[in-house]
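Novice: To start, I am sharing the structure in question, which I have written as C-alpha cells.
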Amino acid sequence: MRIAGTQHVWRSIPRDRGTICAIIFHSETPMKQEFRIENIANYVGQQVTLKGWLYASTRKGKLMFLRLRDGTGICQGVAYQPDLGEELFETLKRLGQESSLIVTGTVKENGRAPGIPGGYEIGIEAVEVLQNVEEYPITPKEHGVDFLMDNRHLWLRSSKQWAVMRVRATIKRAIIDFFDNNGFINIDTPIITPAAAEGTSTLFEVDYFEEKAYLAQTGQLYNEADIMAFGKVYCFGPTFRAEKSKTRRHLAEFWMVEPEMAFFDLEDLMDFEEQFVSYVVQTTIEKRRAELEFLERDLTVLENISAPFPRISYDEAIERIHALREATDDPELKEQLAIEWGDDFGAPHETELTKQFDKPVFVYGYPSQVKAFYMEPWPGRPEVCKSVDLLAPEGYGEIIGGSERMSDPDLLIAAIERHELPLEHYQWYVDLRQYGSVPHSGFGLGLERTVAWICGIEHIRQTIAFPRTLNRMNP
RNA sequence: UCCUCGGUAGCUCAAUGGCAGAGCAUGCGGCUGUUAACCGCAGGGUUGUUGGUUCGAGUCCAACCCGAGGAGCCA
C-alpha cells in the first residue's frame with residue numbers, strides 16, 4: 001500500500017557474505033511533478049502541459065471551447081483563432097471526440113468554466129495531436145443501457161462512470177485503511193474451493209484436475225481459521241454467485257470485504273460495524289466531494305451517517321412490517337409486504353423498513369432457518385441465531401451480513417448434519433472448535449452495494465468497471 | 001424459472017395495414033464566452049430472425065433470438 005506523497009523503492013543488493021538483503025528507499029517526491037487536472041487550482045497563472053483526450057468541443061466562430069480529460073478530471077481549454085493562427089485553429093476544429101492530444105497553455109480562474117473540478121480553464125497556446133478520431137460511438141446525448149453496456153470499455157470515459165469509479169477506489173482504500181489501522185492483518189483466502197461454504201447459494205462449478213470444484217462465495221470459513229492464528233483478519237477479494245438473479249442489486253462477480261474477529265460477540269460486532277461504516281462514508285465525502293457532487297448525490301444525507309445506528313430485532317422488524325402493511329392503501333404493496341415470522345425479508349420488506357430510518361439500521365436475531373449453518377444460537381431461543389444484517393437507507397438494502405459464529409464443536413457438527421453438508425469437507429472447520437475455541441464474529445460487506453448507496457446510483461452494474469450479470473459477460 | 005415491456009439510420013426515437021422520417025453524431029459552410037450551443041446544406045436503411053395472413057406488413061398472427069424492469073434467490 002502506497003502512502004500519499006511517498007514511495008517505497010525496493011532495490012535488491014547482490015549477495016554479500018551469504019546474506020540477501022534489501023533496502024527500502026523513501027522519497028518525498030515519488031515521480032516527476034506532472035500537471036494533473038485534479039490539482040489545477042495550484043497552477044493559476046502558470047503554463048502547463050496537459051496530456052489527455054478531447055471530451056467534447058463547441059465553437060463560436062473564431063472562438064473555440066474544448067473540454068479536455070486527463071484521467072484525473074475535466075477542464076475547459078479555450079482557443080482563439082487570432083492568437084493561435086489559422087492553421088492550428090483549423091486543426092482543432094477538425095478534432096473528433098476522444099482524439100488524443102497534448103495541450104500547452106496557461107491556467108486561468110474563470111467561474112464560467114465547466115469541469116471536474118470546475119472554475120478553471122486553460123488558454124491554449126500549442127497542441128500536439130496524437131490521434132484524431134473520426135466518429136466516437138458515445139455522443140453527448142442520451143443512450144440506452146444495452147448500447148452503453150456493449151461499449152462499457154468506452155463508457156468508462158464518460159464523466160459519471162468515471163466519477164463512480166473514482167469514488168469506488170476511495171471507498172476501497174478507506175475500507176483497507178480502517179482495518180489496517182485497527183489491528184487487522186490482511187490474509188487472502190482461496191478462490192477455488194471444494195464445497196459450498198454456506199450451503200445457501202448457487203455456485204459456479206469449475207474443473208479442478210478432473211475433480212469438481214467451485215468458485216468461492218465467501219472467504220469467511222478460512223478467516224475463522226486465520227483469526228485463531230492472528231486474532232483479527234480480513235480478506236478482500238472477488239466473490240462469485242451463480243444465482244440466475246436479475247435485479248439492480250445483483251452481480252455474478254462482486255467484491256466483498258470480510259473481517260473476522262476473535263473474542264468478539266454480537267454486541268461487539270454491531271459496535272464495530274457502525275464505526276467502520278461511518279468511517280468509510282465520512283472519508284469518502286472528504287476525499288471525493290467533487291465527484292459526489294457531480295453525481296448529484298445529496299451529501300447532507302451522507303454527512304448524517306455516524307455511529308450509533310438504530311438496532312432492531314428481527315421480531316420488531318416483523319412487527320413494523322405488519323404495521324406498514326396494515327397502514328398502506330396500495331393493494332400491490334400490501335401483497336408484497338405479506339410476511340410471517342420465520343420468513344426472510346424480500347426486497348420490498350427491506351425497502352419499506354429502511355424508509356423509517358435516516359441511517360443504516362441493524363436487524364439482529366434472525367430465525368436460524370433462513371441463515372447459514374454456522375451461526376451461534378440465541379441463548380434460550382434455539383430457533384433464533386446471533387446474526388445481524390445492516391440495511392442501508394434509501395432502499396439500497398442489505399450491505400452487510402454478519403454474525404457471531406458457533407463456538408461449540410458438537411453444536412456445529414449437528415448443524416452441518418442438519419443442513420446435509422458433507423462433513424468430510426468441514427472437518428478442519430470443526431477442528432477450530434476443538435483446539436482453543438473462542439467466541440468470535442465477523443461480517444461481509446458487499447463493495448458494489450456500498451458504492452451504489454454512497455454514490456446514489458440506481459444500478460449496481462455501474463459500480464464495477466466490467467460487470468458480470470446474468471445476461472452479460474462482454475466486454 | 002415466472003410476470004411485464006421493448007428491438008426501425010452509428011445513437012435516441014417517430015411512422016391509422018398504403019412514398020422509410022426527425023433530432024443528435026459525421027462531412028461542408030457561418031458565428032468571440034460556449035455549458036447536450038445555435039443557423040444553413042449534404043450523405044446515411046436487409047425495420048432482431050424465420051414463417052404466416054393480406055392486393056399491400058415497420059405495423060396483424062406464430063415461433064424463436066436478444067435486451068430491459070420487477071419477482072424469487074442473493075451481499
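Ligands are numbered from 1 in the order shown, chains are lettered A, B, ... in the order of the C-alpha cells, and residues start at 1 in each chain.
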Can you list every residue of chain A that has an atom at most 6 Å from chain B, with its nearest atom pair and the distance in Å to one decimal, using only C-alpha atoms (C1' of nucleotides), ordered by chain then number, as CSV?
Specialist:
residue,atom,partner,partner_atom,distance
A:Lys60,CA,B:C31,C1',5.5
A:Gly61,CA,B:C31,C1',4.6
A:Leu63,CA,B:U32,C1',5.4
A:Pro140,CA,B:A36,C1',5.8
A:Lys141,CA,B:A36,C1',5.9
A:Glu142,CA,B:U12,C1',5.9
A:Gly446,CA,B:A75,C1',5.0
Novice: For the selection you just gave me, I'd like the residues written to a file as a PDB file, in the first residue's frame, keeping N, CA, C and O atoms.
Specialist:
ATOM      1  N   LYS A  60     -17.668  28.974 -31.450  1.00  0.00           N
ATOM      2  CA  LYS A  60     -18.481  30.112 -31.852  1.00  0.00           C
ATOM      3  C   LYS A  60     -17.586  30.988 -32.714  1.00  0.00           C
ATOM      4  O   LYS A  60     -16.873  31.845 -32.204  1.00  0.00           O
ATOM      5  N   GLY A  61     -17.575  30.700 -34.022  1.00  0.00           N
ATOM      6  CA  GLY A  61     -16.735  31.460 -34.939  1.00  0.00           C
ATOM      7  C   GLY A  61     -15.263  31.227 -34.680  1.00  0.00           C
ATOM      8  O   GLY A  61     -14.795  30.103 -34.737  1.00  0.00           O
ATOM      9  N   LEU A  63     -13.771  31.549 -31.904  1.00  0.00           N
ATOM     10  CA  LEU A  63     -13.537  31.150 -30.512  1.00  0.00           C
ATOM     11  C   LEU A  63     -14.000  29.704 -30.333  1.00  0.00           C
ATOM     12  O   LEU A  63     -15.061  29.321 -30.797  1.00  0.00           O
ATOM     13  N   PRO A 140     -22.561  12.979 -26.801  1.00  0.00           N
ATOM     14  CA  PRO A 140     -23.074  13.609 -25.571  1.00  0.00           C
ATOM     15  C   PRO A 140     -24.590  13.717 -25.567  1.00  0.00           C
ATOM     16  O   PRO A 140     -25.144  14.709 -25.149  1.00  0.00           O
ATOM     17  N   LYS A 141     -25.255  12.685 -26.026  1.00  0.00           N
ATOM     18  CA  LYS A 141     -26.722  12.643 -25.999  1.00  0.00           C
ATOM     19  C   LYS A 141     -27.144  11.409 -25.215  1.00  0.00           C
ATOM     20  O   LYS A 141     -26.328  10.669 -24.702  1.00  0.00           O
ATOM     21  N   GLU A 142     -28.432  11.166 -25.208  1.00  0.00           N
ATOM     22  CA  GLU A 142     -28.930  10.009 -24.462  1.00  0.00           C
ATOM     23  C   GLU A 142     -28.609   8.694 -25.168  1.00  0.00           C
ATOM     24  O   GLU A 142     -28.599   8.632 -26.393  1.00  0.00           O
ATOM     25  N   GLY A 446     -20.643  -6.008   0.967  1.00  0.00           N
ATOM     26  CA  GLY A 446     -20.612  -6.002  -0.488  1.00  0.00           C
ATOM     27  C   GLY A 446     -20.159  -4.640  -0.993  1.00  0.00           C
ATOM     28  O   GLY A 446     -20.817  -3.634  -0.740  1.00  0.00           O
TER      29      GLY A 446
END
Novice: Would you return as JSON, numbers by chain the members of range 142-327 of chain A that DSSP assigns to strand (DSSP E) on this structure's backbone?
Specialist: {"A": [185, 186, 192, 193, 205, 206, 207, 208, 211, 212, 213, 214, 215, 232, 233, 234, 235, 236, 237, 238, 239, 240, 253, 254, 255, 256, 257, 258, 259, 260, 261, 262, 311, 312, 313]}
Novice: The selected residues should be written to file as a PDB file, in the first residue's frame (atoms: C-alpha atoms).
Specialist:
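The new file part23.pdb reads:
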ATOM      1  CA  ILE A 185      -3.977  -8.326   9.187  1.00  0.00           C
ATOM      2  CA  ASN A 186      -4.963  -8.949   5.593  1.00  0.00           C
ATOM      3  CA  ILE A 192     -11.174 -22.298  -5.704  1.00  0.00           C
ATOM      4  CA  THR A 193     -12.985 -24.250  -3.015  1.00  0.00           C
ATOM      5  CA  GLU A 205     -18.535 -25.070 -10.957  1.00  0.00           C
ATOM      6  CA  VAL A 206     -15.008 -25.448 -12.283  1.00  0.00           C
ATOM      7  CA  ASP A 207     -12.995 -28.445 -13.340  1.00  0.00           C
ATOM      8  CA  TYR A 208     -10.099 -28.870 -10.921  1.00  0.00           C
ATOM      9  CA  GLU A 211     -12.401 -33.072  -9.828  1.00  0.00           C
ATOM     10  CA  LYS A 212     -15.392 -30.839  -9.150  1.00  0.00           C
ATOM     11  CA  ALA A 213     -14.578 -27.535  -7.505  1.00  0.00           C
ATOM     12  CA  TYR A 214     -16.370 -24.240  -7.024  1.00  0.00           C
ATOM     13  CA  LEU A 215     -15.579 -20.549  -7.168  1.00  0.00           C
ATOM     14  CA  LYS A 232      -8.174 -10.118  13.704  1.00  0.00           C
ATOM     15  CA  VAL A 233      -8.052 -10.650   9.965  1.00  0.00           C
ATOM     16  CA  TYR A 234      -9.820  -9.550   6.836  1.00  0.00           C
ATOM     17  CA  CYS A 235      -9.966 -10.759   3.281  1.00  0.00           C
ATOM     18  CA  PHE A 236     -10.980  -8.585   0.372  1.00  0.00           C
ATOM     19  CA  GLY A 237     -11.490 -10.157  -2.986  1.00  0.00           C
ATOM     20  CA  PRO A 238     -13.882 -11.219  -5.686  1.00  0.00           C
ATOM     21  CA  THR A 239     -16.842 -13.409  -4.807  1.00  0.00           C
ATOM     22  CA  PHE A 240     -18.932 -15.497  -7.167  1.00  0.00           C
ATOM     23  CA  GLU A 253     -18.985 -11.488  -9.680  1.00  0.00           C
ATOM     24  CA  PHE A 254     -18.629  -8.883  -6.959  1.00  0.00           C
ATOM     25  CA  TRP A 255     -16.132  -7.729  -4.362  1.00  0.00           C
ATOM     26  CA  MET A 256     -16.618  -8.408  -0.710  1.00  0.00           C
ATOM     27  CA  VAL A 257     -14.561  -7.458   2.303  1.00  0.00           C
ATOM     28  CA  GLU A 258     -14.835  -9.887   5.181  1.00  0.00           C
ATOM     29  CA  PRO A 259     -13.335  -9.111   8.578  1.00  0.00           C
ATOM     30  CA  GLU A 260     -13.307 -11.745  11.310  1.00  0.00           C
ATOM     31  CA  MET A 261     -12.501 -11.129  14.966  1.00  0.00           C
ATOM     32  CA  ALA A 262     -11.584 -13.478  17.827  1.00  0.00           C
ATOM     33  CA  ARG A 311     -30.773  -1.535  16.207  1.00  0.00           C
ATOM     34  CA  ILE A 312     -33.951  -3.542  15.969  1.00  0.00           C
ATOM     35  CA  SER A 313     -34.557  -7.233  16.451  1.00  0.00           C
TER      36      SER A 313
END
Novice: Rounded to one decimal, what separation in Å do you get between CA of Gln220 in chain A and CA of Val277 in chain A?
Specialist: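 So the two atoms, CA of Gln220 in chain A and CA of Val277 in chain A, lie 19.3 Å apart.
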Novice: DSSP on the backbone: what in range 146-307 of chain A comes out alpha helix (DSSP H), as a PyMOL selection string?
Specialist: chain A and resi 146-150+152-155+159-180+220-230+266-287+289-294+299-303
Novice: Any chance you can output those residues with C-alpha atoms as an mmCIF file, in the first residue's frame?
Specialist:
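Below you can see again-v4.cif, which holds the result:
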data_model
loop_
_atom_site.group_PDB
_atom_site.id
_atom_site.type_symbol
_atom_site.label_atom_id
_atom_site.label_comp_id
_atom_site.auth_asym_id
_atom_site.auth_seq_id
_atom_site.Cartn_x
_atom_site.Cartn_y
_atom_site.Cartn_z
ATOM 1 C CA ASP A 146 -27.750 -2.073 -23.786
ATOM 2 C CA PHE A 147 -25.693 0.117 -26.089
ATOM 3 C CA LEU A 148 -23.745 1.611 -23.215
ATOM 4 C CA MET A 149 -23.011 -1.802 -21.714
ATOM 5 C CA ASP A 150 -21.842 -3.086 -25.112
ATOM 6 C CA ARG A 152 -18.565 -0.347 -21.425
ATOM 7 C CA HIS A 153 -14.866 -0.129 -22.375
ATOM 8 C CA LEU A 154 -15.555 3.354 -23.762
ATOM 9 C CA TRP A 155 -18.389 4.302 -21.406
ATOM 10 C CA SER A 159 -17.808 11.617 -16.597
ATOM 11 C CA LYS A 160 -20.478 9.920 -14.469
ATOM 12 C CA GLN A 161 -18.946 6.489 -14.899
ATOM 13 C CA TRP A 162 -15.542 7.965 -14.291
ATOM 14 C CA ALA A 163 -16.748 9.680 -11.099
ATOM 15 C CA VAL A 164 -18.284 6.442 -9.761
ATOM 16 C CA MET A 165 -15.055 4.516 -10.314
ATOM 17 C CA ARG A 166 -13.069 7.246 -8.556
ATOM 18 C CA VAL A 167 -15.434 7.045 -5.590
ATOM 19 C CA ARG A 168 -15.201 3.253 -5.624
ATOM 20 C CA ALA A 169 -11.410 3.367 -5.433
ATOM 21 C CA THR A 170 -11.620 5.727 -2.469
ATOM 22 C CA ILE A 171 -14.174 3.564 -0.668
ATOM 23 C CA LYS A 172 -11.958 0.544 -1.180
ATOM 24 C CA ARG A 173 -8.972 2.418 0.152
ATOM 25 C CA ALA A 174 -10.912 3.658 3.184
ATOM 26 C CA ILE A 175 -12.005 0.097 3.956
ATOM 27 C CA ILE A 176 -8.449 -1.198 3.820
ATOM 28 C CA ASP A 177 -7.117 1.716 5.869
ATOM 29 C CA PHE A 178 -9.735 1.190 8.562
ATOM 30 C CA PHE A 179 -8.790 -2.431 9.091
ATOM 31 C CA ASP A 180 -5.051 -1.884 8.765
ATOM 32 C CA GLN A 220 -15.221 -16.500 5.919
ATOM 33 C CA LEU A 221 -14.592 -20.073 6.941
ATOM 34 C CA TYR A 222 -10.918 -19.657 6.139
ATOM 35 C CA ASN A 223 -10.940 -16.358 8.027
ATOM 36 C CA GLU A 224 -12.128 -18.273 11.077
ATOM 37 C CA ALA A 225 -9.036 -20.445 10.834
ATOM 38 C CA ASP A 226 -6.879 -17.361 10.332
ATOM 39 C CA ILE A 227 -8.127 -15.494 13.442
ATOM 40 C CA MET A 228 -7.084 -18.368 15.646
ATOM 41 C CA ALA A 229 -3.585 -17.626 14.368
ATOM 42 C CA PHE A 230 -3.688 -13.834 14.003
ATOM 43 C CA LEU A 266 -22.692 -9.914 18.594
ATOM 44 C CA GLU A 267 -22.725 -6.686 20.619
ATOM 45 C CA ASP A 268 -19.056 -6.033 19.831
ATOM 46 C CA LEU A 269 -19.814 -6.723 16.191
ATOM 47 C CA MET A 270 -22.527 -4.082 15.924
ATOM 48 C CA ASP A 271 -20.382 -1.509 17.763
ATOM 49 C CA PHE A 272 -17.571 -2.224 15.329
ATOM 50 C CA GLU A 273 -19.690 -2.184 12.165
ATOM 51 C CA GLU A 274 -21.188 1.229 12.876
ATOM 52 C CA GLN A 275 -17.731 2.703 13.462
ATOM 53 C CA PHE A 276 -16.475 1.084 10.280
ATOM 54 C CA VAL A 277 -19.325 2.208 8.019
ATOM 55 C CA SER A 278 -19.248 5.752 9.433
ATOM 56 C CA TYR A 279 -15.526 5.994 8.766
ATOM 57 C CA VAL A 280 -15.873 4.781 5.204
ATOM 58 C CA VAL A 281 -18.713 7.196 4.413
ATOM 59 C CA GLN A 282 -17.080 10.248 6.017
ATOM 60 C CA THR A 283 -13.684 9.554 4.463
ATOM 61 C CA THR A 284 -15.271 9.218 1.046
ATOM 62 C CA ILE A 285 -17.147 12.518 1.390
ATOM 63 C CA GLU A 286 -13.940 14.220 2.456
ATOM 64 C CA LYS A 287 -11.835 12.882 -0.410
ATOM 65 C CA ARG A 289 -16.667 15.642 -2.685
ATOM 66 C CA ALA A 290 -16.307 16.936 -6.275
ATOM 67 C CA GLU A 291 -17.188 13.544 -7.759
ATOM 68 C CA LEU A 292 -20.158 13.021 -5.427
ATOM 69 C CA GLU A 293 -21.470 16.496 -6.175
ATOM 70 C CA PHE A 294 -21.076 15.825 -9.874
ATOM 71 C CA LEU A 299 -24.421 14.973 0.744
ATOM 72 C CA THR A 300 -26.446 16.106 3.751
ATOM 73 C CA VAL A 301 -27.880 12.577 3.879
ATOM 74 C CA LEU A 302 -24.389 11.059 3.907
ATOM 75 C CA GLU A 303 -22.954 13.587 6.353
#
Novice: Counting only C-alpha atoms (C1' of nucleotides), what is within 9 Å of Val363 in chain A, bar same-chain residues fewer than 5 positions away, as a PyMOL selection string?
Specialist: chain A and resi 310-314+316-317+387-391
Novice: Need to verify the contact set: A14 in chain B, 12 Å, only C-alpha atoms (C1' of nucleotides), exclusion of same-chain residues closer than 4 positions in sequence. Can you return it as a VMD selection string?
Specialist: chain B and resid 8 20 to 23 58
Novice: What does the structure give for the distance between CA of Pro82 in chain A and CA of Gln47 in chain A, in Å to one decimal?
Specialist: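 Separation of CA of Pro82 in chain A and CA of Gln47 in chain A: 19.5 Å.
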Novice: What's the separation between CA of Arg69 in chain A and CA of Val103 in chain A, in Å to one decimal place?
Specialist: 10.9 Å
